[in-house]
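Structure below is run22.cif: mmCIF, C-alpha atoms.
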data_upload
#
loop_
_atom_site.label_atom_id
_atom_site.label_comp_id
_atom_site.auth_asym_id
_atom_site.auth_seq_id
_atom_site.Cartn_x
_atom_site.Cartn_y
_atom_site.Cartn_z
CA MET J 1 4.66 16.68 0.54
CA ARG J 2 1.27 15.02 0.89
CA ASP J 3 -0.54 13.43 -2.01
CA GLU J 4 -3.85 15.30 -2.40
CA THR J 5 -5.13 13.08 -5.24
CA ALA J 6 -7.81 11.58 -3.01
CA PHE J 7 -9.73 14.86 -3.09
CA LYS J 8 -9.45 15.23 -6.86
CA ALA J 9 -10.25 11.64 -7.84
CA THR J 10 -13.98 11.96 -7.27
CA ALA J 11 -14.87 10.15 -10.51
CA ALA J 12 -11.97 7.69 -10.49
CA ASP J 13 -12.30 3.93 -10.65
CA GLU J 14 -12.08 1.80 -7.52
CA LYS J 15 -8.34 1.13 -7.59
CA GLU J 16 -7.42 4.74 -8.25
CA THR J 17 -9.74 5.92 -5.46
CA LEU J 18 -8.44 3.42 -2.90
CA THR J 19 -4.83 4.11 -3.88
CA ALA J 20 -5.35 7.85 -3.59
CA PHE J 21 -6.76 7.54 -0.06
CA LEU J 22 -4.00 5.12 0.95
CA CYS J 23 -1.35 7.57 -0.28
CA PHE J 24 -3.09 10.48 1.44
CA HIS J 25 -3.06 8.74 4.81
CA GLN J 26 0.51 7.47 4.38
CA ASP J 27 1.69 11.01 3.67
CA THR J 28 -0.40 12.51 6.49
CA LEU J 29 1.45 10.46 9.09
CA SER J 30 4.77 11.66 7.67
CA MET J 31 3.54 15.24 7.98
CA LYS J 32 2.52 14.73 11.61
CA VAL J 33 6.08 13.67 12.47
CA ASP J 34 7.80 16.29 10.31
CA GLY J 35 9.65 18.86 12.41
CA VAL J 36 9.46 16.92 15.68
CA GLY J 37 12.69 16.85 17.66
CA GLU J 38 14.36 13.67 18.90
CA GLY J 39 13.14 14.26 22.47
CA ASP J 40 9.52 14.76 21.45
CA LEU J 41 9.65 11.73 19.14
CA ARG J 42 9.54 9.33 22.10
CA LYS J 43 7.51 11.53 24.43
CA SER J 44 4.11 10.13 25.28
CA MET J 45 1.31 12.51 26.09
CA VAL J 46 -1.26 9.81 26.89
CA PRO J 47 -1.54 7.14 29.60
CA SER J 48 -1.13 4.29 27.07
CA GLY J 49 2.44 5.38 26.34
CA VAL J 50 1.91 5.89 22.60
CA SER J 51 4.35 8.36 21.03
CA LEU J 52 4.82 9.76 17.53
CA GLY J 53 7.93 7.58 17.13
CA GLY J 54 5.96 4.54 18.26
CA LEU J 55 3.19 5.30 15.77
CA LEU J 56 5.70 5.71 12.95
CA LYS J 57 7.46 2.47 13.85
CA HIS J 58 4.20 0.56 14.26
CA THR J 59 2.82 1.67 10.90
CA THR J 60 6.11 0.72 9.23
CA TYR J 61 5.75 -2.81 10.58
CA VAL J 62 2.06 -2.94 9.62
CA HIS J 63 2.98 -2.06 6.01
CA ALA J 64 5.67 -4.75 6.01
CA ARG J 65 3.34 -7.37 7.53
CA TRP J 66 0.39 -6.85 5.21
CA PHE J 67 1.95 -5.93 1.87
CA GLU J 68 5.26 -7.78 1.97
CA MET J 69 4.72 -10.77 4.27
CA CYS J 70 1.03 -11.44 3.78
CA PHE J 71 0.37 -10.35 0.23
CA ARG J 72 3.70 -11.09 -1.44
CA ASN J 73 5.10 -13.75 0.90
CA ASP J 74 8.38 -11.82 1.23
CA THR J 75 10.34 -11.37 4.43
CA PRO J 76 11.60 -7.83 4.97
CA ASN J 77 15.23 -8.24 6.03
CA ASP J 78 15.72 -4.61 7.02
CA LEU J 79 13.46 -4.70 10.09
CA PRO J 80 14.28 -6.68 13.25
CA TRP J 81 11.69 -9.35 14.07
CA PRO J 82 10.21 -9.85 16.59
CA THR J 83 10.01 -6.39 18.07
CA ASN J 84 7.86 -4.17 20.19
CA ASP J 85 6.73 -2.08 17.25
CA TRP J 86 4.96 0.44 19.48
CA VAL J 87 8.14 1.70 21.13
CA ALA J 88 10.87 3.72 19.42
CA SER J 89 14.18 2.85 21.05
CA ASP J 90 16.90 5.41 21.67
CA ASP J 91 18.90 4.26 18.63
CA GLU J 92 15.87 4.65 16.35
CA THR J 93 16.29 8.28 15.45
CA ILE J 94 13.75 10.32 13.54
CA ASP J 95 15.89 9.80 10.43
CA VAL J 96 15.97 6.02 10.90
CA LEU J 97 12.25 5.73 11.61
CA THR J 98 11.30 8.05 8.74
CA SER J 99 13.60 6.27 6.31
CA ASN J 100 12.17 2.85 7.28
CA TYR J 101 8.62 4.17 6.97
CA ARG J 102 9.19 5.76 3.55
CA ARG J 103 10.92 2.61 2.23
CA HIS J 104 8.04 0.33 3.23
CA VAL J 105 5.38 2.82 2.12
CA ASP J 106 7.08 3.10 -1.27
CA LEU J 107 7.22 -0.68 -1.57
CA SER J 108 3.54 -0.99 -0.66
CA ARG J 109 2.69 1.54 -3.37
CA ARG J 110 4.63 -0.43 -5.97
CA ILE J 111 2.91 -3.65 -4.90
CA VAL J 112 -0.54 -2.07 -5.25
CA GLU J 113 0.36 -0.51 -8.59
CA GLU J 114 1.62 -3.83 -10.00
CA SER J 115 -1.29 -5.92 -8.72
CA SER J 116 -5.01 -6.30 -9.18
CA LEU J 117 -7.35 -5.59 -6.29
CA ASP J 118 -8.69 -9.11 -6.87
CA ASP J 119 -5.28 -10.77 -6.36
CA LEU J 120 -5.11 -12.99 -3.28
CA ASN J 121 -2.36 -13.02 -0.67
CA GLN J 122 0.44 -15.53 -1.16
CA GLY J 123 1.81 -15.51 2.38
CA TRP J 124 0.87 -15.71 5.99
CA SER J 125 -1.01 -12.70 7.35
CA GLY J 126 0.53 -12.65 10.79
CA GLY J 127 -2.81 -13.62 12.27
CA GLY J 128 -2.69 -17.29 11.41
CA TRP J 129 -4.66 -17.10 8.17
CA GLU J 130 -3.51 -19.08 5.19
CA PRO J 131 -2.54 -17.91 1.70
CA ASP J 132 -5.43 -17.15 -0.64
CA THR J 133 -7.44 -15.63 2.23
CA TYR J 134 -7.21 -11.88 1.55
CA LYS J 135 -7.76 -9.96 -1.64
CA LEU J 136 -5.53 -6.94 -2.10
CA ARG J 137 -8.72 -4.85 -2.00
CA TRP J 138 -9.27 -5.89 1.65
CA ILE J 139 -5.64 -5.23 2.58
CA VAL J 140 -5.68 -1.73 1.04
CA THR J 141 -8.99 -0.91 2.74
CA HIS J 142 -7.66 -2.19 6.06
CA MET J 143 -4.51 -0.08 5.70
CA ILE J 144 -6.58 3.04 4.97
CA GLU J 145 -8.59 2.36 8.15
CA GLU J 146 -5.47 1.64 10.21
CA LEU J 147 -3.62 4.73 9.02
CA ALA J 148 -6.65 6.99 9.46
CA ARG J 149 -7.03 5.83 13.06
CA HIS J 150 -3.33 6.33 13.82
CA ASN J 151 -3.34 9.72 12.09
CA GLY J 152 -5.99 10.75 14.61
CA HIS J 153 -3.71 9.59 17.41
CA ALA J 154 -0.82 11.52 15.85
CA ASP J 155 -3.00 14.65 15.57
CA ILE J 156 -3.71 14.60 19.28
CA ILE J 157 -0.14 13.82 20.34
CA ARG J 158 1.33 16.49 18.08
CA GLU J 159 -1.11 19.12 19.31
CA GLN J 160 -0.24 18.25 22.91
CA LEU J 161 3.50 18.41 22.15
CA ASP J 162 3.75 21.77 20.38
CA GLY J 163 0.29 23.01 19.42
CA THR J 164 0.56 21.97 15.75
CA THR J 165 -2.88 21.09 14.37
CA GLY J 166 -4.47 20.20 11.05
CA VAL J 167 -3.81 17.59 8.44
#
As structure tokens, how would this structure be written, given the file I've shared?
Amino acid sequence: MRDETAFKATAADEKETLTAFLCFHQDTLSMKVDGVGEGDLRKSMVPSGVSLGGLLKHTTYVHARWFEMCFRNDTPNDLPWPTNDWVASDDETIDVLTSNYRRHVDLSRRIVEESSLDDLNQGWSGGGWEPDTYKLRWIVTHMIEELARHNGHADIIREQLDGTTGV
């Protein structure tokens, strides 16, 4: 089920508003993949080769990179590194990809809940920037932007696959 808090938190403070939109977009991607068969998971409908499975895998790694590695300075041991995070391999079933995504989304939510938006990252960002470079506020805002963009990709791919539309 998707968190609809973002549309009810119109008078919320900054952290509650940002968290609500982050949760909304995290849940929207899950919804876009829900009900897709294993064959359609890897099927690309666009020249770039992007698939729903690739989007799900990529956004899992993006959560791990920004919240765990960059912000917390933790190394997620449950994901193979390095990887082509845009391609879902044959052994990465819908259940595996969804489970990985939910686990890292849930961890990101706990990190945001336990931290201040003004807290600075403790680890490496993956882009060469040093600790104490990014406030959590920037990371959350970036993740909202990243997920919103990829949700648009997922909308188009899902509609092309089986006609399912809407958020």
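For Val50 in chain J, the residues within 10 Å (counting only C-alpha atoms, excluding itself and residues fewer than 5 positions away along the chain) are Arg42, Lys43, Ser44, Met45, Leu55, Trp86, Val87, Ala88, His153, Ala154 and Ile157 of chain J.
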Output of the above residues as a PDB file, in the coordinates of the input, restricted to C-alpha atoms:
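Final output, saved to part36.pdb:
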ATOM      1  CA  ARG J  42       9.540   9.330  22.100  1.00  0.00           C
ATOM      2  CA  LYS J  43       7.510  11.530  24.430  1.00  0.00           C
ATOM      3  CA  SER J  44       4.110  10.130  25.280  1.00  0.00           C
ATOM      4  CA  MET J  45       1.310  12.510  26.090  1.00  0.00           C
ATOM      5  CA  LEU J  55       3.190   5.300  15.770  1.00  0.00           C
ATOM      6  CA  TRP J  86       4.960   0.440  19.480  1.00  0.00           C
ATOM      7  CA  VAL J  87       8.140   1.700  21.130  1.00  0.00           C
ATOM      8  CA  ALA J  88      10.870   3.720  19.420  1.00  0.00           C
ATOM      9  CA  HIS J 153      -3.710   9.590  17.410  1.00  0.00           C
ATOM     10  CA  ALA J 154      -0.820  11.520  15.850  1.00  0.00           C
ATOM     11  CA  ILE J 157      -0.140  13.820  20.340  1.00  0.00           C
TER      12      ILE J 157
END
What does the PyMOL selection byres ((chain J and resi 15) around 9) select in this file, as a list in words?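 Those residues are Ala12, Asp13, Glu14, Glu16, Thr17, Leu18, Thr19, Ala20, Val112, Glu113, Ser116, Leu117 and Arg137 of chain J.
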Hey, what's within 8 Å of Ile94 in chain J if we count all atoms listed in the file and toss same-chain stuff fewer than 6 positions away? As a VMD selection string, please? chain J and resid 37 to 38 41 53
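For the set J:Ser115, J:Thr141, J:Thr59, J:Asn84, the residue with the smallest atom-to-atom gap to Leu29 in chain J is J:Thr59, counting all atoms listed in the file.
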Work out where the centre of an axis-aligned box around every listed atom of range 57-71 of chain J lies and how long its edges are once 5 Å is added on each side; give both in Å to one decimal as lines of an AutoDock Vina configuration file.
center_x = 3.9
center_y = -4.5
center_z = 7.2
size_x = 17.1
size_y = 23.9
size_z = 24.0
In Å, with one decimal, what is the gap from CA of Gly39 in chain J to CA of Thr60 in chain J?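 Spanning CA of Gly39 in chain J to CA of Thr60 in chain J is a straight-line distance of 20.2 Å.
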I'd like to see the residues matched by the PyMOL selection byres ((chain J and resi 147) around 9) on this file, and ideally I'd get them as a VMD selection string. chain J and resid 22 25 to 26 28 to 29 59 142 to 146 148 to 152
As an exercise, work out the distance from CA of Thr75 in chain J to CA of Met31 in chain J in Å and give it to one decimal place. 27.7 Å
Give as an MDAnalysis selection string every residue, naming chains and numbers as the document does, that has an atom within 8 Å of (-8.1, -6.6, -0.8), counting all atoms listed in the file. chainID J and resid 117:120 134:141
Quick one: residues within 8 Å of range 62-64 of chain J, all atoms listed in the file counted, chain neighbours fewer than 4 positions away excluded, as a compact mmCIF listing (two decimals) with C-alpha atoms, keeping the file's coordinate frame?
# COMPACT_ATOMS: atom_id res chain seq x y z
CA HIS J 58 4.20 0.56 14.26
CA GLU J 68 5.26 -7.78 1.97
CA MET J 69 4.72 -10.77 4.27
CA PRO J 76 11.60 -7.83 4.97
CA HIS J 104 8.04 0.33 3.23
CA VAL J 105 5.38 2.82 2.12
CA SER J 108 3.54 -0.99 -0.66
CA MET J 143 -4.51 -0.08 5.70
Taking into account only C-alpha atoms, which residue in the set J:Pro80, J:Phe24, J:Ala11, J:Ser30 is nearest to Ser99 in chain J? J:Ser30
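Compared by their closest atoms to Val33 in chain J, and using all atoms listed in the file, the residues J:Glu114, J:Asp95, J:Glu130, J:Asp85 rank with J:Asp95 nearest.
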Would you compute the distance between CA of Thr165 in chain J and CA of Glu92 in chain J? Give it in Å to one decimal.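 A separation of 25.0 Å between them.
Among the candidates J:Asn100, J:Asn73, J:Thr164, J:Ser89, the residue lying nearest to Gly123 in chain J is J:Asn73 (atoms considered: only C-alpha atoms).
Proximity ranking of J:Asp162, J:Leu52, J:Asp91, J:Cys23 relative to Arg110 in chain J places J:Cys23 first, based on only C-alpha atoms.
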Have a look at J:Ile156, J:Asp90, J:Arg72, J:Phe21 and name the one nearest to Pro131 in chain J; count all atoms listed in the file.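 Among J:Ile156, J:Asp90, J:Arg72, J:Phe21, it is J:Arg72 that comes nearest to Pro131 in chain J.
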